[in-house]
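Heads up, final_6.cif below (mmCIF, C-alpha atoms):
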```cif
data_query
loop_
_atom_site.group_PDB
_atom_site.id
_atom_site.type_symbol
_atom_site.label_atom_id
_atom_site.label_comp_id
_atom_site.auth_asym_id
_atom_site.auth_seq_id
_atom_site.Cartn_x
_atom_site.Cartn_y
_atom_site.Cartn_z
ATOM 1 C CA MET E 30 5.123 -9.485 14.123
ATOM 2 C CA SER E 31 8.486 -9.624 12.410
ATOM 3 C CA VAL E 32 10.362 -6.579 11.176
ATOM 4 C CA ASP E 33 10.363 -8.017 7.643
ATOM 5 C CA PHE E 34 6.578 -8.380 7.756
ATOM 6 C CA GLU E 35 6.246 -4.794 8.930
ATOM 7 C CA LYS E 36 8.514 -3.547 6.137
ATOM 8 C CA HIS E 37 6.505 -5.550 3.615
ATOM 9 C CA LYS E 38 3.265 -4.049 4.928
ATOM 10 C CA LEU E 39 4.708 -0.530 4.668
ATOM 11 C CA GLN E 40 5.884 -1.179 1.112
ATOM 12 C CA GLU E 41 2.397 -2.435 0.219
ATOM 13 C CA ASN E 42 0.824 0.672 1.767
ATOM 14 C CA LEU E 43 3.230 2.824 -0.239
ATOM 15 C CA LYS E 44 2.188 1.045 -3.452
ATOM 16 C CA ARG E 45 -1.485 1.550 -2.621
ATOM 17 C CA GLN E 46 -0.888 5.239 -1.906
ATOM 18 C CA SER E 47 0.807 5.594 -5.311
ATOM 19 C CA LYS E 48 -2.066 3.878 -7.097
ATOM 20 C CA ARG E 49 -4.617 6.000 -5.254
ATOM 21 C CA LEU E 50 -2.774 9.199 -6.119
ATOM 22 C CA SER E 51 -2.534 8.119 -9.748
ATOM 23 C CA GLU E 52 -6.305 7.701 -9.857
ATOM 24 C CA LEU E 53 -7.077 10.829 -7.826
ATOM 25 C CA ILE E 54 -5.124 13.187 -10.073
ATOM 26 C CA ASP E 55 -5.334 11.123 -13.273
ATOM 27 C CA VAL E 56 -1.625 10.690 -14.010
ATOM 28 C CA PRO E 57 0.457 7.609 -14.881
ATOM 29 C CA LEU E 58 1.633 5.555 -11.918
ATOM 30 C CA THR E 59 5.301 6.516 -12.328
ATOM 31 C CA LYS E 60 4.410 10.218 -12.226
ATOM 32 C CA ALA E 61 2.214 9.625 -9.159
ATOM 33 C CA GLN E 62 5.109 7.824 -7.443
ATOM 34 C CA TYR E 63 7.402 10.779 -8.103
ATOM 35 C CA LEU E 64 4.822 13.318 -6.905
ATOM 36 C CA LEU E 65 4.125 11.254 -3.786
ATOM 37 C CA ALA E 66 7.822 11.018 -2.932
ATOM 38 C CA VAL E 67 8.591 14.677 -3.512
ATOM 39 C CA HIS E 68 5.456 16.455 -2.305
ATOM 40 C CA ILE E 69 4.155 14.147 0.421
ATOM 41 C CA TYR E 70 7.245 12.363 1.759
ATOM 42 C CA SER E 71 9.704 15.214 1.043
ATOM 43 C CA GLU E 72 12.135 12.812 -0.600
ATOM 44 C CA VAL E 73 14.013 13.179 -3.888
ATOM 45 C CA ALA E 74 12.559 10.057 -5.479
ATOM 46 C CA PHE E 75 10.135 7.211 -4.871
ATOM 47 C CA GLU E 76 13.056 4.779 -4.720
ATOM 48 C CA HIS E 77 14.474 6.742 -1.775
ATOM 49 C CA VAL E 78 11.245 6.231 0.166
ATOM 50 C CA LYS E 79 11.309 2.496 -0.593
ATOM 51 C CA ALA E 80 14.991 2.213 0.327
ATOM 52 C CA LYS E 81 14.453 3.948 3.675
ATOM 53 C CA ILE E 82 11.657 1.524 4.496
ATOM 54 C CA ASP E 83 13.820 -1.449 3.493
ATOM 55 C CA LYS E 84 16.683 -0.181 5.669
ATOM 56 C CA GLY E 85 14.366 0.485 8.606
ATOM 57 C CA LYS E 86 15.122 4.224 8.555
ATOM 58 C CA PHE E 87 11.787 5.573 9.722
ATOM 59 C CA THR E 88 12.906 9.166 10.079
ATOM 60 C CA GLY E 89 11.175 12.254 8.761
ATOM 61 C CA LEU E 90 7.915 11.516 7.024
ATOM 62 C CA ILE E 91 8.547 7.832 6.301
ATOM 63 C CA PHE E 92 5.987 7.038 9.009
ATOM 64 C CA LEU E 93 3.354 8.078 6.439
ATOM 65 C CA ALA E 94 3.790 4.653 4.840
ATOM 66 C CA ALA E 95 2.037 3.272 7.927
ATOM 67 C CA VAL E 96 -0.928 5.639 7.635
ATOM 68 C CA ALA E 97 -3.990 3.736 6.477
ATOM 69 C CA SER E 98 -7.516 3.014 7.619
ATOM 70 C CA ASP E 99 -6.200 0.123 9.752
ATOM 71 C CA ALA E 100 -3.269 2.020 11.303
ATOM 72 C CA ASP E 101 -2.695 1.913 15.036
ATOM 73 C CA ASP E 102 -3.598 4.834 17.294
ATOM 74 C CA GLN E 103 0.001 5.989 17.665
ATOM 75 C CA THR E 104 0.423 6.289 13.879
ATOM 76 C CA LEU E 105 -2.882 8.103 13.459
ATOM 77 C CA ASP E 106 -2.061 10.474 16.313
ATOM 78 C CA LYS E 107 1.290 11.289 14.698
ATOM 79 C CA PHE E 108 -0.460 11.810 11.351
ATOM 80 C CA LEU E 109 -2.925 14.225 12.954
ATOM 81 C CA SER E 110 -0.166 16.106 14.757
ATOM 82 C CA GLU E 111 1.719 16.509 11.443
ATOM 83 C CA PHE E 112 -1.408 17.217 9.397
ATOM 84 C CA GLY E 113 -0.910 20.997 9.288
ATOM 85 C CA GLU E 114 2.522 20.632 7.722
ATOM 86 C CA ILE E 115 1.352 17.919 5.332
ATOM 87 C CA TYR E 116 -1.553 20.129 4.327
ATOM 88 C CA GLN E 117 0.646 23.189 3.718
ATOM 89 C CA ARG E 118 3.184 21.206 1.708
ATOM 90 C CA THR E 119 0.425 19.663 -0.407
ATOM 91 C CA GLU E 120 -1.440 22.940 -0.839
ATOM 92 C CA ASN E 121 1.751 24.605 -2.101
ATOM 93 C CA SER E 122 2.575 21.777 -4.507
ATOM 94 C CA PRO E 123 1.281 20.919 -7.981
ATOM 95 C CA LEU E 124 -0.935 18.282 -6.364
ATOM 96 C CA ALA E 125 -3.409 20.914 -5.171
ATOM 97 C CA SER E 126 -4.116 22.144 -8.686
ATOM 98 C CA MET E 127 -4.107 18.642 -10.176
ATOM 99 C CA TYR E 128 -6.856 17.428 -7.830
ATOM 100 C CA GLN E 129 -10.402 18.566 -8.492
ATOM 101 C CA GLY E 130 -11.377 19.138 -4.891
ATOM 102 C CA PRO E 131 -10.179 20.428 -1.539
ATOM 103 C CA THR E 132 -6.618 19.641 -0.476
ATOM 104 C CA ARG E 133 -7.850 18.179 2.808
ATOM 105 C CA GLU E 134 -9.985 15.693 0.900
ATOM 106 C CA LEU E 135 -7.060 14.739 -1.335
ATOM 107 C CA ILE E 136 -4.889 13.962 1.665
ATOM 108 C CA PHE E 137 -7.516 11.873 3.424
ATOM 109 C CA ARG E 138 -8.362 9.968 0.254
ATOM 110 C CA LEU E 139 -4.682 9.406 -0.491
ATOM 111 C CA PHE E 140 -4.256 7.697 2.867
ATOM 112 C CA ASP E 141 -7.644 5.945 2.656
ATOM 113 C CA LEU E 142 -8.902 7.678 5.779
ATOM 114 C CA ASN E 143 -12.437 8.691 6.623
ATOM 115 C CA VAL E 144 -12.148 12.062 8.311
ATOM 116 C CA ASP E 145 -15.406 11.677 10.264
ATOM 117 C CA VAL E 146 -14.507 8.233 11.622
ATOM 118 C CA LEU E 147 -10.962 9.343 12.403
ATOM 119 C CA ALA E 148 -12.182 12.434 14.231
ATOM 120 C CA SER E 149 -14.702 10.500 16.323
ATOM 121 C CA GLN E 150 -12.105 7.838 17.232
ATOM 122 C CA ARG E 151 -9.611 10.488 18.310
ATOM 123 C CA TYR E 152 -12.343 12.313 20.250
ATOM 124 C CA ARG E 153 -13.353 9.125 22.076
ATOM 125 C CA ALA E 154 -9.719 8.283 22.846
ATOM 126 C CA PHE E 155 -9.067 11.811 24.106
ATOM 127 C CA ASN E 156 -12.130 11.813 26.359
ATOM 128 C CA SER E 157 -11.424 8.368 27.798
ATOM 129 C CA SER E 158 -7.883 9.248 28.897
#
```
What's the structure tokens form of this structure?
Amino acid sequence: MSVDFEKHKLQENLKRQSKRLSELIDVPLTKAQYLLAVHIYSEVAFEHVKAKIDKGKFTGLIFLAAVASDADDQTLDKFLSEFGEIYQRTENSPLASMYQGPTRELIFRLFDLNVDVLASQRYRAFNSS
């Protein structure tokens, strides 16, 4: 897999996350992009997230662009290890009050993850090691 393909896939995931957030909290796409950048990725602007992906700077929370239902085990493990911080940041942001449901659900829906499937996969992987 080429680096350019990987960057393209991450950019596509980022777009999907923005669209999902827009639908989940019922705001225009540009507002969802801003909220995603600031409150999920801890970046100043959506363009900064995109630029870091384009430059291959996968520091901080940029790895979240790889989080999706088809992500590899390493990405999902990192997501789960960072989940507490992601949860706290989201809970303390405007996103929590804009979403009509639990913060945990918002996060999992944003990344298109099924918490039950994810938990059972992690449990199986943990027990087989």
Shell of 10 Å around stretch 110-114 of chain E, only C-alpha atoms, local chain residues under 6 positions omitted, as a PyMOL selection string: chain E and resi 69+90+93+104+120+133+136
Proximity to E:Asn42 - best of E:Ala94, E:Ala74, E:Ala80, E:Leu65, all atoms listed in the file: E:Ala94
Protein/DNA/RNA residues near (-6.7, 22.5, 0.1), cut 12 Å, only C-alpha atoms, as a ChimeraX atom specification: /E:112-113,115-137
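Here the question is which of E:Ala95, E:Glu72, E:Asp83, E:Asp106 gets nearest to E:Phe140 using only C-alpha atoms, and that residue is E:Ala95.
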Atom CA of E:Gln103 to atom CA of E:Val78, distance in Å rounded to a single decimal: 20.8 Å
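Candidate residues E:Leu109, E:Val73, E:Ala100, E:Leu139 were compared for distance to E:Ser51, and the nearest is E:Leu139, using only C-alpha atoms.
We find atom CA of E:His37 and atom CA of E:Ile82 to be spaced 8.8 Å apart.
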Edge lengths and centre in Å, axis-aligned, stretch 106-112 of chain E plus 8 Å each side, as lines of an AutoDock Vina configuration file:
```
center_x = -0.6
center_y = 13.8
center_z = 12.9
size_x = 20.6
size_y = 22.7
size_z = 22.9
```
Atom pair atom CA of E:Gln40 / atom CA of E:Lys79: separation (Å): 6.8 Å
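With distances taken over all atoms listed in the file, E:Gly89 is the one residue among E:Gly89, E:Asp141, E:His68, E:Lys44 lying closest to E:Lys107.
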